[in-house]
$ cat final.csv   # CSV, C-alpha atoms
chain,number,residue,atom,x,y,z
P,1,MET,CA,-19.5,-13.1,-36.2
P,2,LYS,CA,-18.0,-12.3,-32.9
P,3,GLY,CA,-17.1,-15.3,-30.9
P,4,THR,CA,-16.5,-17.5,-33.9
P,5,VAL,CA,-14.0,-20.3,-33.1
P,6,LEU,CA,-11.1,-20.6,-35.5
P,7,GLY,CA,-8.3,-23.0,-35.7
P,8,MET,CA,-8.3,-26.2,-33.7
P,9,PRO,CA,-11.3,-27.1,-31.4
P,10,GLN,CA,-11.2,-25.1,-28.1
P,11,VAL,CA,-12.6,-25.6,-24.7
P,12,PRO,CA,-13.8,-22.9,-22.3
P,13,PRO,CA,-10.8,-21.0,-21.0
P,14,ALA,CA,-9.2,-22.4,-17.8
P,15,ARG,CA,-8.7,-20.1,-14.8
P,16,LEU,CA,-6.4,-20.7,-11.9
P,17,ALA,CA,-9.0,-20.0,-9.2
P,18,ALA,CA,-12.6,-19.0,-8.7
P,19,ARG,CA,-13.1,-15.3,-8.2
P,20,ARG,CA,-13.5,-14.2,-4.6
P,21,ARG,CA,-17.1,-13.2,-4.2
P,22,THR,CA,-17.4,-9.6,-3.0
P,23,ARG,CA,-20.1,-6.9,-2.6
P,24,GLN,CA,-20.8,-5.1,-5.9
P,25,VAL,CA,-20.7,-1.3,-6.4
P,26,ARG,CA,-21.4,0.5,-9.6
P,27,VAL,CA,-19.0,3.1,-10.9
P,28,GLY,CA,-21.3,4.9,-13.3
P,29,GLY,CA,-22.2,2.1,-15.8
P,30,VAL,CA,-19.4,-0.2,-14.8
P,31,PRO,CA,-20.1,-2.8,-12.1
P,32,VAL,CA,-17.2,-3.6,-9.8
P,33,GLY,CA,-17.1,-6.7,-7.6
P,34,GLY,CA,-19.7,-9.5,-7.3
P,35,ASP,CA,-19.7,-11.5,-10.5
P,36,ALA,CA,-18.6,-8.5,-12.7
P,37,PRO,CA,-15.5,-8.9,-14.9
P,38,VAL,CA,-12.3,-7.3,-13.6
P,39,SER,CA,-12.2,-3.8,-14.9
P,40,VAL,CA,-9.2,-1.7,-16.0
P,41,GLN,CA,-8.6,1.8,-14.8
P,42,SER,CA,-6.0,4.5,-15.5
P,43,MET,CA,-5.5,8.1,-14.4
P,44,THR,CA,-5.0,11.3,-16.5
P,45,THR,CA,-1.7,13.2,-16.3
P,46,THR,CA,-3.1,16.5,-17.6
P,47,PRO,CA,-4.0,19.4,-15.3
P,48,THR,CA,-7.6,18.6,-14.5
P,49,ALA,CA,-8.4,22.3,-14.8
P,50,ASP,CA,-7.5,22.1,-18.5
P,51,VAL,CA,-10.8,20.6,-19.5
P,52,ASN,CA,-10.0,20.1,-23.2
P,53,ALA,CA,-6.6,18.5,-22.7
P,54,THR,CA,-8.1,16.2,-20.0
P,55,LEU,CA,-11.0,15.1,-22.2
P,56,GLN,CA,-8.6,14.4,-25.0
P,57,GLN,CA,-6.5,12.1,-22.9
P,58,ILE,CA,-9.7,10.4,-21.6
P,59,ALA,CA,-10.7,9.8,-25.2
P,60,GLU,CA,-7.3,8.2,-25.9
P,61,LEU,CA,-7.7,6.0,-22.8
P,62,THR,CA,-11.2,5.0,-23.8
P,63,ALA,CA,-10.0,4.0,-27.3
P,64,ALA,CA,-7.3,1.9,-25.7
P,65,GLY,CA,-9.8,-0.1,-23.7
P,66,CYS,CA,-9.9,1.8,-20.4
P,67,GLN,CA,-13.2,1.4,-18.6
P,68,ILE,CA,-12.8,3.8,-15.6
P,69,VAL,CA,-10.7,7.0,-15.4
P,70,ARG,CA,-9.4,8.9,-12.4
P,71,VAL,CA,-8.6,12.6,-12.4
P,72,ALA,CA,-6.7,14.5,-9.7
P,73,VAL,CA,-8.4,17.3,-7.8
P,74,PRO,CA,-5.7,19.2,-5.8
P,75,SER,CA,-7.2,22.7,-6.3
P,76,GLN,CA,-10.4,24.6,-6.6
P,77,ASP,CA,-9.8,25.2,-10.3
P,78,ASP,CA,-9.6,21.4,-10.8
P,79,ALA,CA,-12.9,21.0,-8.8
P,80,ASP,CA,-14.5,23.6,-11.0
P,81,ALA,CA,-13.6,21.6,-14.1
P,82,LEU,CA,-15.3,18.4,-12.9
P,83,PRO,CA,-18.8,19.0,-14.1
P,84,ALA,CA,-17.8,19.5,-17.7
P,85,ILE,CA,-15.4,16.5,-17.6
P,86,ALA,CA,-17.9,14.2,-15.9
P,87,ARG,CA,-20.6,15.2,-18.3
P,88,ARG,CA,-18.5,14.8,-21.5
P,89,SER,CA,-16.4,11.7,-20.7
P,90,ARG,CA,-17.6,8.5,-22.4
P,91,ILE,CA,-16.4,6.4,-19.4
P,92,PRO,CA,-17.0,6.9,-15.7
P,93,VAL,CA,-14.8,9.6,-14.0
P,94,ILE,CA,-13.5,9.1,-10.5
P,95,ALA,CA,-12.3,12.2,-8.6
P,96,ASP,CA,-9.1,11.7,-6.7
P,97,ILE,CA,-9.2,13.7,-3.5
P,98,HIS,CA,-6.4,14.6,-1.1
P,99,PHE,CA,-5.9,17.2,1.7
P,100,GLN,CA,-9.3,19.1,1.5
P,101,PRO,CA,-12.6,17.4,2.4
P,102,LYS,CA,-14.5,20.1,0.5
P,103,TYR,CA,-13.4,18.7,-2.8
P,104,VAL,CA,-15.2,15.4,-1.9
P,105,PHE,CA,-18.5,17.3,-1.9
P,106,ALA,CA,-17.6,19.2,-5.0
P,107,ALA,CA,-16.9,15.9,-6.9
P,108,ILE,CA,-20.2,14.4,-5.8
P,109,ASP,CA,-22.1,17.6,-6.8
P,110,ALA,CA,-20.3,17.6,-10.1
P,111,GLY,CA,-21.7,14.2,-11.1
P,112,CYS,CA,-18.5,12.2,-10.8
P,113,ALA,CA,-19.2,8.4,-10.9
P,114,ALA,CA,-17.1,7.8,-7.7
P,115,VAL,CA,-14.7,9.5,-5.4
P,116,ARG,CA,-11.3,8.2,-4.2
P,117,VAL,CA,-10.2,9.5,-0.8
P,118,ASN,CA,-6.9,9.0,1.0
P,119,PRO,CA,-7.7,9.3,4.7
P,120,GLY,CA,-4.1,9.5,5.7
P,121,ASN,CA,-3.7,13.0,4.2
P,122,ILE,CA,-7.1,14.6,4.3
P,123,LYS,CA,-7.4,17.1,7.2
P,124,ARG,CA,-9.9,16.1,9.9
P,125,PHE,CA,-11.3,13.4,7.5
P,126,ASP,CA,-12.7,11.2,10.2
P,127,ASP,CA,-14.7,14.2,11.5
P,128,ARG,CA,-16.5,14.6,8.2
P,129,VAL,CA,-17.3,11.0,7.4
P,130,GLY,CA,-20.9,11.3,8.4
P,131,GLU,CA,-21.5,14.3,6.0
P,132,ILE,CA,-19.6,12.5,3.2
P,133,ALA,CA,-21.6,9.3,3.7
P,134,ARG,CA,-24.9,11.2,3.5
P,135,ALA,CA,-23.9,13.1,0.4
P,136,ALA,CA,-22.6,10.0,-1.4
P,137,GLU,CA,-25.6,8.0,-0.4
P,138,ASP,CA,-28.0,10.6,-1.7
P,139,ALA,CA,-26.1,10.8,-5.0
P,140,GLY,CA,-25.5,7.1,-5.4
P,141,VAL,CA,-21.8,7.6,-5.5
P,142,PRO,CA,-19.4,4.9,-4.2
P,143,ILE,CA,-16.3,5.8,-2.3
P,144,ARG,CA,-12.9,4.2,-2.6
P,145,ILE,CA,-10.8,4.1,0.5
P,146,GLY,CA,-7.4,4.4,-1.0
P,147,VAL,CA,-4.6,3.7,1.5
P,148,ASN,CA,-1.0,4.3,0.2
P,149,ALA,CA,2.3,3.3,1.9
P,150,GLY,CA,3.7,6.8,1.2
P,151,SER,CA,0.9,8.7,3.0
P,152,LEU,CA,-0.2,6.3,5.8
P,153,ASP,CA,-1.8,7.9,8.8
P,154,LYS,CA,0.8,9.0,11.4
P,155,ARG,CA,-0.9,7.1,14.2
P,156,LEU,CA,-0.4,3.8,12.3
P,157,LEU,CA,3.2,4.6,11.4
P,158,GLU,CA,3.9,5.1,15.1
P,159,LYS,CA,2.2,1.9,16.0
P,160,TYR,CA,3.8,-0.3,13.3
P,161,GLY,CA,7.1,1.6,12.6
P,162,LYS,CA,6.5,1.5,8.8
P,163,ALA,CA,3.9,0.7,6.2
P,164,THR,CA,3.5,-3.0,6.9
P,165,PRO,CA,0.7,-5.1,5.4
P,166,GLU,CA,-1.0,-5.0,8.8
P,167,ALA,CA,-0.8,-1.2,9.0
P,168,LEU,CA,-2.3,-0.7,5.5
P,169,VAL,CA,-5.1,-3.1,6.3
P,170,GLU,CA,-5.9,-1.6,9.7
P,171,SER,CA,-6.0,1.9,8.2
P,172,ALA,CA,-8.4,0.8,5.4
P,173,LEU,CA,-10.8,-1.2,7.7
P,174,TRP,CA,-10.8,1.6,10.3
P,175,GLU,CA,-12.0,4.1,7.7
P,176,CYS,CA,-14.6,1.6,6.4
P,177,SER,CA,-15.9,1.1,10.0
P,178,LEU,CA,-16.5,4.9,10.2
P,179,PHE,CA,-18.7,4.8,7.1
P,180,GLU,CA,-20.4,1.6,8.3
P,181,GLU,CA,-21.5,3.5,11.5
P,182,HIS,CA,-23.5,5.7,9.2
P,183,GLY,CA,-25.0,2.8,7.3
P,184,PHE,CA,-22.8,3.4,4.2
P,185,ARG,CA,-21.2,0.4,2.6
P,186,ASP,CA,-20.9,1.4,-1.0
P,187,LEU,CA,-17.2,1.1,-0.7
P,188,LYS,CA,-14.1,-0.1,-2.5
P,189,ILE,CA,-10.7,-0.5,-0.9
P,190,SER,CA,-7.1,-0.3,-2.1
P,191,VAL,CA,-4.0,-0.9,0.0
P,192,LYS,CA,-1.1,0.1,-2.3
P,193,HIS,CA,2.6,-0.3,-1.8
P,194,HIS,CA,5.6,0.0,-4.1
P,195,ASP,CA,7.0,-3.4,-3.0
P,196,PRO,CA,5.0,-6.2,-4.7
P,197,VAL,CA,5.7,-8.6,-1.8
P,198,VAL,CA,4.2,-6.2,0.8
P,199,MET,CA,1.4,-5.3,-1.5
P,200,VAL,CA,0.4,-8.9,-2.2
P,201,SER,CA,0.6,-9.7,1.6
P,202,ALA,CA,-1.7,-6.7,2.3
P,203,TYR,CA,-4.3,-7.7,-0.2
P,204,ARG,CA,-4.3,-11.3,1.0
P,205,LEU,CA,-4.9,-10.2,4.5
P,206,LEU,CA,-7.5,-7.7,3.5
P,207,SER,CA,-9.4,-10.3,1.5
P,208,ARG,CA,-9.7,-12.4,4.6
P,209,ARG,CA,-11.0,-9.5,6.7
P,210,CYS,CA,-13.8,-8.1,4.5
P,211,ASP,CA,-16.0,-8.6,1.5
P,212,TYR,CA,-15.6,-5.2,-0.1
P,213,PRO,CA,-14.5,-5.1,-3.7
P,214,LEU,CA,-10.7,-4.5,-4.0
P,215,HIS,CA,-8.9,-2.2,-6.4
P,216,LEU,CA,-5.4,-3.6,-7.1
P,217,GLY,CA,-2.4,-1.4,-7.6
P,218,VAL,CA,1.4,-1.4,-7.1
P,219,THR,CA,1.9,2.3,-6.4
P,220,GLU,CA,5.0,4.1,-7.7
P,221,ALA,CA,5.8,1.0,-9.7
P,222,GLY,CA,8.4,2.8,-11.8
P,223,PRO,CA,9.3,3.2,-15.5
P,224,ARG,CA,7.6,1.2,-18.1
P,225,PHE,CA,9.7,-2.0,-18.1
P,226,GLN,CA,10.2,-2.2,-14.3
P,227,GLY,CA,6.6,-1.1,-13.5
P,228,THR,CA,5.2,-3.6,-15.9
P,229,ILE,CA,7.2,-6.5,-14.3
P,230,LYS,CA,6.2,-5.4,-10.8
P,231,SER,CA,2.6,-5.0,-11.6
P,232,ALA,CA,2.3,-8.2,-13.6
P,233,THR,CA,4.0,-10.1,-10.8
P,234,ALA,CA,1.7,-8.7,-8.0
P,235,PHE,CA,-1.5,-8.7,-10.0
P,236,GLY,CA,-0.8,-12.2,-11.3
P,237,ALA,CA,-0.3,-13.6,-7.8
P,238,LEU,CA,-3.5,-12.1,-6.5
P,239,LEU,CA,-5.8,-12.6,-9.5
P,240,ALA,CA,-4.6,-16.2,-9.8
P,241,GLU,CA,-6.1,-16.6,-6.2
P,242,GLY,CA,-9.3,-14.9,-7.2
P,243,ILE,CA,-8.4,-11.6,-5.4
P,244,GLY,CA,-9.1,-8.3,-7.2
P,245,ASP,CA,-12.1,-6.7,-8.8
P,246,THR,CA,-10.5,-3.7,-10.7
P,247,ILE,CA,-6.9,-2.8,-11.5
P,248,ARG,CA,-4.7,0.1,-12.3
P,249,VAL,CA,-1.2,-0.4,-13.5
P,250,SER,CA,0.9,2.6,-12.3
P,251,LEU,CA,3.7,3.4,-14.8
P,252,SER,CA,6.0,6.4,-15.3
P,253,ALA,CA,4.8,6.3,-18.9
P,254,PRO,CA,1.8,7.6,-20.9
P,255,PRO,CA,-1.4,6.4,-19.4
P,256,VAL,CA,-2.4,4.5,-22.5
P,257,GLU,CA,0.5,2.2,-21.8
P,258,GLU,CA,-1.0,1.4,-18.4
P,259,VAL,CA,-4.2,0.3,-20.0
P,260,LYS,CA,-2.3,-1.9,-22.5
P,261,VAL,CA,-0.4,-3.6,-19.8
P,262,GLY,CA,-3.5,-4.1,-17.6
P,263,LEU,CA,-5.5,-5.6,-20.4
P,264,GLN,CA,-2.7,-7.9,-21.3
P,265,ILE,CA,-2.5,-9.1,-17.7
P,266,LEU,CA,-6.2,-9.9,-17.7
P,267,GLU,CA,-6.0,-11.7,-21.0
P,268,SER,CA,-3.1,-13.8,-20.0
P,269,LEU,CA,-5.0,-15.1,-17.0
P,270,ASN,CA,-8.2,-15.7,-19.1
P,271,LEU,CA,-10.0,-13.0,-17.1
P,272,ARG,CA,-10.9,-11.2,-20.3
P,273,GLU,CA,-11.5,-12.4,-23.8
P,274,ARG,CA,-8.2,-12.5,-25.6
P,275,GLY,CA,-7.8,-10.1,-28.4
P,276,LEU,CA,-5.0,-10.3,-30.9
P,277,GLU,CA,-2.2,-12.5,-29.6
P,278,ILE,CA,1.1,-13.0,-31.3
P,279,VAL,CA,2.7,-16.4,-30.4
P,280,SER,CA,6.4,-16.2,-31.5
P,281,CYS,CA,9.5,-18.2,-30.7
P,282,PRO,CA,12.5,-16.6,-28.9
P,283,SER,CA,14.7,-17.9,-31.7
P,284,CYS,CA,17.7,-20.1,-31.3
P,285,GLY,CA,20.5,-21.7,-33.3
P,286,ARG,CA,17.8,-23.8,-35.2
P,287,ALA,CA,16.1,-20.8,-36.7
P,288,GLN,CA,16.7,-20.3,-40.4
P,289,VAL,CA,14.7,-17.1,-40.8
P,290,ASP,CA,14.7,-13.7,-38.9
P,291,VAL,CA,12.0,-14.4,-36.4
P,292,TYR,CA,12.5,-11.1,-34.5
P,293,LYS,CA,11.9,-9.0,-37.7
P,294,MET,CA,8.9,-11.1,-38.8
P,295,ALA,CA,7.2,-10.9,-35.4
P,296,GLU,CA,7.7,-7.2,-35.1
P,297,GLU,CA,6.4,-6.5,-38.6
P,298,VAL,CA,3.3,-8.6,-38.1
P,299,SER,CA,2.6,-7.2,-34.6
P,300,ALA,CA,3.0,-3.6,-35.7
P,301,ALA,CA,0.8,-4.0,-38.8
P,302,LEU,CA,-2.0,-5.6,-36.8
P,303,GLU,CA,-1.9,-3.4,-33.7
P,304,GLY,CA,-5.3,-2.1,-32.8
P,305,MET,CA,-7.1,-5.0,-34.4
P,306,ASP,CA,-10.3,-5.7,-32.4
P,307,VAL,CA,-10.4,-9.4,-32.9
P,308,PRO,CA,-9.7,-12.5,-30.8
P,309,LEU,CA,-7.1,-13.9,-33.1
P,310,ARG,CA,-4.0,-16.0,-32.3
P,311,VAL,CA,-1.1,-15.6,-34.8
P,312,ALA,CA,1.9,-17.9,-34.5
P,313,VAL,CA,5.2,-16.7,-36.0
P,314,MET,CA,7.6,-19.6,-35.7
P,315,GLY,CA,11.2,-19.9,-36.8
P,316,CYS,CA,12.0,-23.6,-37.2
P,317,VAL,CA,10.5,-27.1,-37.9
P,318,VAL,CA,10.8,-28.4,-34.3
P,319,ASN,CA,7.9,-26.5,-32.6
P,320,GLY,CA,6.8,-24.5,-35.6
P,321,PRO,CA,4.3,-26.8,-37.3
P,322,GLY,CA,2.5,-27.7,-34.0
P,323,GLU,CA,2.2,-24.1,-32.8
P,324,ALA,CA,1.1,-22.8,-36.2
P,325,ARG,CA,-1.5,-25.6,-36.5
P,326,GLU,CA,-3.0,-24.8,-33.1
P,327,ALA,CA,-3.2,-21.1,-33.8
P,328,ASP,CA,-5.9,-19.4,-35.9
P,329,LEU,CA,-3.2,-18.4,-38.3
P,330,GLY,CA,0.5,-19.2,-38.3
P,331,VAL,CA,3.8,-19.9,-40.1
P,332,ALA,CA,6.3,-22.6,-39.7
P,333,SER,CA,9.6,-21.5,-41.2
P,334,GLY,CA,12.7,-23.1,-42.5
P,335,ASN,CA,15.2,-23.0,-45.3
P,336,GLY,CA,14.3,-19.4,-46.2
P,337,LYS,CA,10.6,-20.1,-46.7
P,338,GLY,CA,7.4,-20.7,-44.6
P,339,GLN,CA,4.3,-22.8,-44.6
P,340,ILE,CA,1.3,-20.7,-43.9
P,341,PHE,CA,-1.4,-22.3,-41.7
P,342,VAL,CA,-5.0,-21.1,-41.6
P,343,ARG,CA,-7.5,-22.9,-39.3
P,344,GLY,CA,-5.0,-25.7,-38.8
P,345,ARG,CA,-4.3,-26.4,-42.4
P,346,VAL,CA,-1.4,-25.5,-44.7
P,347,VAL,CA,-2.8,-23.1,-47.4
P,348,ARG,CA,0.4,-22.1,-49.1
P,349,THR,CA,4.2,-21.9,-48.9
P,350,VAL,CA,5.9,-18.6,-49.5
P,351,PRO,CA,9.5,-17.3,-49.4
P,352,GLU,CA,10.8,-15.6,-46.3
P,353,SER,CA,10.5,-12.2,-47.8
P,354,ARG,CA,6.7,-12.6,-48.2
P,355,ILE,CA,5.9,-14.2,-44.9
P,356,PRO,CA,4.9,-11.0,-43.0
P,357,GLU,CA,2.7,-9.6,-45.8
P,358,THR,CA,1.1,-13.0,-46.2
P,359,LEU,CA,0.3,-13.4,-42.5
P,360,ILE,CA,-1.1,-9.8,-42.4
P,361,ASP,CA,-3.3,-10.4,-45.5
P,362,GLU,CA,-4.7,-13.7,-44.0
P,363,ALA,CA,-5.2,-12.0,-40.6
P,364,LEU,CA,-7.3,-9.3,-42.2
P,365,LYS,CA,-9.4,-11.8,-44.1
P,366,LEU,CA,-10.1,-13.7,-40.9
P,367,ALA,CA,-11.0,-10.5,-39.1
P,368,GLU,CA,-13.5,-9.5,-41.9
P,369,GLU,CA,-15.0,-13.0,-41.8
P,370,MET,CA,-15.6,-12.5,-38.0
P,371,GLY,CA,-17.2,-9.1,-38.6
P,372,HIS,CA,-14.5,-7.1,-37.0
P,373,ALA,CA,-13.1,-3.8,-38.0
P,374,VAL,CA,-9.6,-4.1,-39.5
P,375,PRO,CA,-6.7,-1.5,-39.2
P,376,GLU,CA,-5.3,0.2,-42.3
P,377,VAL,CA,-1.9,-1.3,-43.1
$ encode --input "final.csv" --output "structure tokens"
Amino acid sequence: MKGTVLGMPQVPPARLAARRRTRQVRVGGVPVGGDAPVSVQSMTTTPTADVNATLQQIAELTAAGCQIVRVAVPSQDDADALPAIARRSRIPVIADIHFQPKYVFAAIDAGCAAVRVNPGNIKRFDDRVGEIARAAEDAGVPIRIGVNAGSLDKRLLEKYGKATPEALVESALWECSLFEEHGFRDLKISVKHHDPVVMVSAYRLLSRRCDYPLHLGVTEAGPRFQGTIKSATAFGALLAEGIGDTIRVSLSAPPVEEVKVGLQILESLNLRERGLEIVSCPSCGRAQVDVYKMAEEVSAALEGMDVPLRVAVMGCVVNGPGEAREADLGVASGNGKGQIFVRGRVVRTVPESRIPETLIDEALKLAEEMGHAVPEV
């Protein structure tokens, strides 16, 4: 059954800091803030007006573990597509609005679960806050105030000279105050920057100035490798301090990759139940088997397995037995063969050529025992 503890005895997962307590909003059926788990978001890359293509990408994101999805609404055709997308998506849809206030109202009327606005580039946005607040309040739709370094209000750029942490925070809190004047507090905030150091500083400052839930993001983080490193560094620093209620990893890569990285960051910090985890050594001169090949084969075969299972693929007798014994399933290798551990005990010894297939077979058995679906291999 789900939650069964395998391997050596475990204790409740340790966390680096208590979560910062914030207000809670509901994005459709997903609570954000308060005592809710940190949620993972992504954004579609299809033209929103292409309803079928957008829904297909949302389905792929949902299957990967995405909990909230954002769609861009730069045109009337995109706004016209929102009702069908919001109705047919299995996860809450946020409309991403720039430039035209009218699309905010269109998104609310379409049944979107939330609306993200960028005050720095919406024409006469401050003049329409009262109307937006009333429409959002009546529909029960939260608003995300999304401030970006690249589109900061000109007034603040003139005041600070560039997008400093102070400028980002002042922009966000100013817009929140306008909503607060109308009694609307169903808000989330993001203050994104491409530089992780500036971004972390901005969120730390913001967390001391308000109790709104915070959406974390390093904007324009870059290609997959660079963007993953920048996002993991920034998110890790903030989440380790209890700051952050929902995250979006921004990569110049397919959106599903953003979700995978986001989930892995949360799992690594024990902010989400760990799924499949491969523990493998980096190899060294002591290794007597091809650790790289074994780890890749096992990882590829078990990808998509929905089970909290730790598999240790170890290449020598120094750390191998200890790591394999502490994992749910593992191998300690040497002299062209490997000892297979299950639940902390050696169950067999197999030649190197059979290590990957043996680990895969044992992993599938454990998954079935725990009542989880297993991938076809």
$ atom_distance --input "final.csv" --atom1 "atom CA of P:Gly236" --atom2 "atom CA of P:Asn270"
11.3 Å
$ closest_residue --input "final.csv" --among "P:Leu55, P:Val218, P:Ala327, P:Ala167" --to "P:His194" --atoms "only C-alpha atoms"
P:Val218
$ atom_distance --input "final.csv" --atom1 "atom CA of P:His215" --atom2 "atom CA of P:Gln100"
22.7 Å
$ residues_around --input "final.csv" --residues "stretch 127-133 of chain P" --least-positions-apart "2" --cutoff "10 Å" --atoms "only C-alpha atoms" --output "PDB file with C-alpha atoms, in the coordinates of the input"
ATOM      1  CA  PRO P 101     -12.600  17.400   2.400  1.00  0.00           C
ATOM      2  CA  LYS P 102     -14.500  20.100   0.500  1.00  0.00           C
ATOM      3  CA  VAL P 104     -15.200  15.400  -1.900  1.00  0.00           C
ATOM      4  CA  PHE P 105     -18.500  17.300  -1.900  1.00  0.00           C
ATOM      5  CA  ILE P 108     -20.200  14.400  -5.800  1.00  0.00           C
ATOM      6  CA  LYS P 123      -7.400  17.100   7.200  1.00  0.00           C
ATOM      7  CA  ARG P 124      -9.900  16.100   9.900  1.00  0.00           C
ATOM      8  CA  PHE P 125     -11.300  13.400   7.500  1.00  0.00           C
ATOM      9  CA  ALA P 135     -23.900  13.100   0.400  1.00  0.00           C
ATOM     10  CA  ALA P 136     -22.600  10.000  -1.400  1.00  0.00           C
ATOM     11  CA  GLU P 137     -25.600   8.000  -0.400  1.00  0.00           C
ATOM     12  CA  ASP P 138     -28.000  10.600  -1.700  1.00  0.00           C
ATOM     13  CA  ALA P 139     -26.100  10.800  -5.000  1.00  0.00           C
ATOM     14  CA  VAL P 141     -21.800   7.600  -5.500  1.00  0.00           C
ATOM     15  CA  PRO P 142     -19.400   4.900  -4.200  1.00  0.00           C
ATOM     16  CA  ILE P 143     -16.300   5.800  -2.300  1.00  0.00           C
ATOM     17  CA  GLU P 175     -12.000   4.100   7.700  1.00  0.00           C
ATOM     18  CA  CYS P 176     -14.600   1.600   6.400  1.00  0.00           C
ATOM     19  CA  LEU P 178     -16.500   4.900  10.200  1.00  0.00           C
ATOM     20  CA  PHE P 179     -18.700   4.800   7.100  1.00  0.00           C
ATOM     21  CA  GLU P 180     -20.400   1.600   8.300  1.00  0.00           C
ATOM     22  CA  GLU P 181     -21.500   3.500  11.500  1.00  0.00           C
ATOM     23  CA  HIS P 182     -23.500   5.700   9.200  1.00  0.00           C
ATOM     24  CA  GLY P 183     -25.000   2.800   7.300  1.00  0.00           C
ATOM     25  CA  PHE P 184     -22.800   3.400   4.200  1.00  0.00           C
ATOM     26  CA  ARG P 185     -21.200   0.400   2.600  1.00  0.00           C
ATOM     27  CA  ASP P 186     -20.900   1.400  -1.000  1.00  0.00           C
TER      28      ASP P 186
END
$ residues_around --input "final.csv" --residues "P:Lys188" --least-positions-apart "2" --cutoff "12 Å" --atoms "only C-alpha atoms" --output "ChimeraX atom specification"
/P:22-27,31-34,114-117,141-147,172-173,175-176,179,184-186,190-191,206-207,210-216,244-247
$ write_last_selection --input "final.csv" --atoms "C-alpha atoms" --output "PDB file, in the coordinates of the input"
ATOM      1  CA  THR P  22     -17.400  -9.600  -3.000  1.00  0.00           C
ATOM      2  CA  ARG P  23     -20.100  -6.900  -2.600  1.00  0.00           C
ATOM      3  CA  GLN P  24     -20.800  -5.100  -5.900  1.00  0.00           C
ATOM      4  CA  VAL P  25     -20.700  -1.300  -6.400  1.00  0.00           C
ATOM      5  CA  ARG P  26     -21.400   0.500  -9.600  1.00  0.00           C
ATOM      6  CA  VAL P  27     -19.000   3.100 -10.900  1.00  0.00           C
ATOM      7  CA  PRO P  31     -20.100  -2.800 -12.100  1.00  0.00           C
ATOM      8  CA  VAL P  32     -17.200  -3.600  -9.800  1.00  0.00           C
ATOM      9  CA  GLY P  33     -17.100  -6.700  -7.600  1.00  0.00           C
ATOM     10  CA  GLY P  34     -19.700  -9.500  -7.300  1.00  0.00           C
ATOM     11  CA  ALA P 114     -17.100   7.800  -7.700  1.00  0.00           C
ATOM     12  CA  VAL P 115     -14.700   9.500  -5.400  1.00  0.00           C
ATOM     13  CA  ARG P 116     -11.300   8.200  -4.200  1.00  0.00           C
ATOM     14  CA  VAL P 117     -10.200   9.500  -0.800  1.00  0.00           C
ATOM     15  CA  VAL P 141     -21.800   7.600  -5.500  1.00  0.00           C
ATOM     16  CA  PRO P 142     -19.400   4.900  -4.200  1.00  0.00           C
ATOM     17  CA  ILE P 143     -16.300   5.800  -2.300  1.00  0.00           C
ATOM     18  CA  ARG P 144     -12.900   4.200  -2.600  1.00  0.00           C
ATOM     19  CA  ILE P 145     -10.800   4.100   0.500  1.00  0.00           C
ATOM     20  CA  GLY P 146      -7.400   4.400  -1.000  1.00  0.00           C
ATOM     21  CA  VAL P 147      -4.600   3.700   1.500  1.00  0.00           C
ATOM     22  CA  ALA P 172      -8.400   0.800   5.400  1.00  0.00           C
ATOM     23  CA  LEU P 173     -10.800  -1.200   7.700  1.00  0.00           C
ATOM     24  CA  GLU P 175     -12.000   4.100   7.700  1.00  0.00           C
ATOM     25  CA  CYS P 176     -14.600   1.600   6.400  1.00  0.00           C
ATOM     26  CA  PHE P 179     -18.700   4.800   7.100  1.00  0.00           C
ATOM     27  CA  PHE P 184     -22.800   3.400   4.200  1.00  0.00           C
ATOM     28  CA  ARG P 185     -21.200   0.400   2.600  1.00  0.00           C
ATOM     29  CA  ASP P 186     -20.900   1.400  -1.000  1.00  0.00           C
ATOM     30  CA  SER P 190      -7.100  -0.300  -2.100  1.00  0.00           C
ATOM     31  CA  VAL P 191      -4.000  -0.900   0.000  1.00  0.00           C
ATOM     32  CA  LEU P 206      -7.500  -7.700   3.500  1.00  0.00           C
ATOM     33  CA  SER P 207      -9.400 -10.300   1.500  1.00  0.00           C
ATOM     34  CA  CYS P 210     -13.800  -8.100   4.500  1.00  0.00           C
ATOM     35  CA  ASP P 211     -16.000  -8.600   1.500  1.00  0.00           C
ATOM     36  CA  TYR P 212     -15.600  -5.200  -0.100  1.00  0.00           C
ATOM     37  CA  PRO P 213     -14.500  -5.100  -3.700  1.00  0.00           C
ATOM     38  CA  LEU P 214     -10.700  -4.500  -4.000  1.00  0.00           C
ATOM     39  CA  HIS P 215      -8.900  -2.200  -6.400  1.00  0.00           C
ATOM     40  CA  LEU P 216      -5.400  -3.600  -7.100  1.00  0.00           C
ATOM     41  CA  GLY P 244      -9.100  -8.300  -7.200  1.00  0.00           C
ATOM     42  CA  ASP P 245     -12.100  -6.700  -8.800  1.00  0.00           C
ATOM     43  CA  THR P 246     -10.500  -3.700 -10.700  1.00  0.00           C
ATOM     44  CA  ILE P 247      -6.900  -2.800 -11.500  1.00  0.00           C
TER      45      ILE P 247
END
$ residues_around --input "final.csv" --residues "P:Gly120" --least-positions-apart "3" --cutoff "6 Å" --atoms "all atoms listed in the file" --output "JSON list (two decimals) with C-alpha atoms, in the coordinates of the input"
[["chain", "number", "residue", "atom", "x", "y", "z"],
["P", 151, "SER", "CA", 0.90, 8.70, 3.00],
["P", 152, "LEU", "CA", -0.20, 6.30, 5.80],
["P", 153, "ASP", "CA", -1.80, 7.90, 8.80]]
$ closest_atom_pairs --input "final.csv" --of "stretch 251-353 of chain P" --to "stretch 44-52 of chain P" --cutoff "12 Å" --atoms "all atoms listed in the file" --output "CSV"
residue,atom,partner,partner_atom,distance
P:Leu251,CA,P:Thr45,CA,11.3
P:Ser252,CA,P:Thr45,CA,10.3
P:Ala253,CA,P:Thr45,CA,9.8
P:Pro254,CA,P:Thr45,CA,8.0
P:Pro255,CA,P:Thr44,CA,6.7
P:Val256,CA,P:Thr44,CA,9.4
P:Glu257,CA,P:Thr44,CA,11.9
P:Glu258,CA,P:Thr44,CA,10.8
P:Val259,CA,P:Thr44,CA,11.6
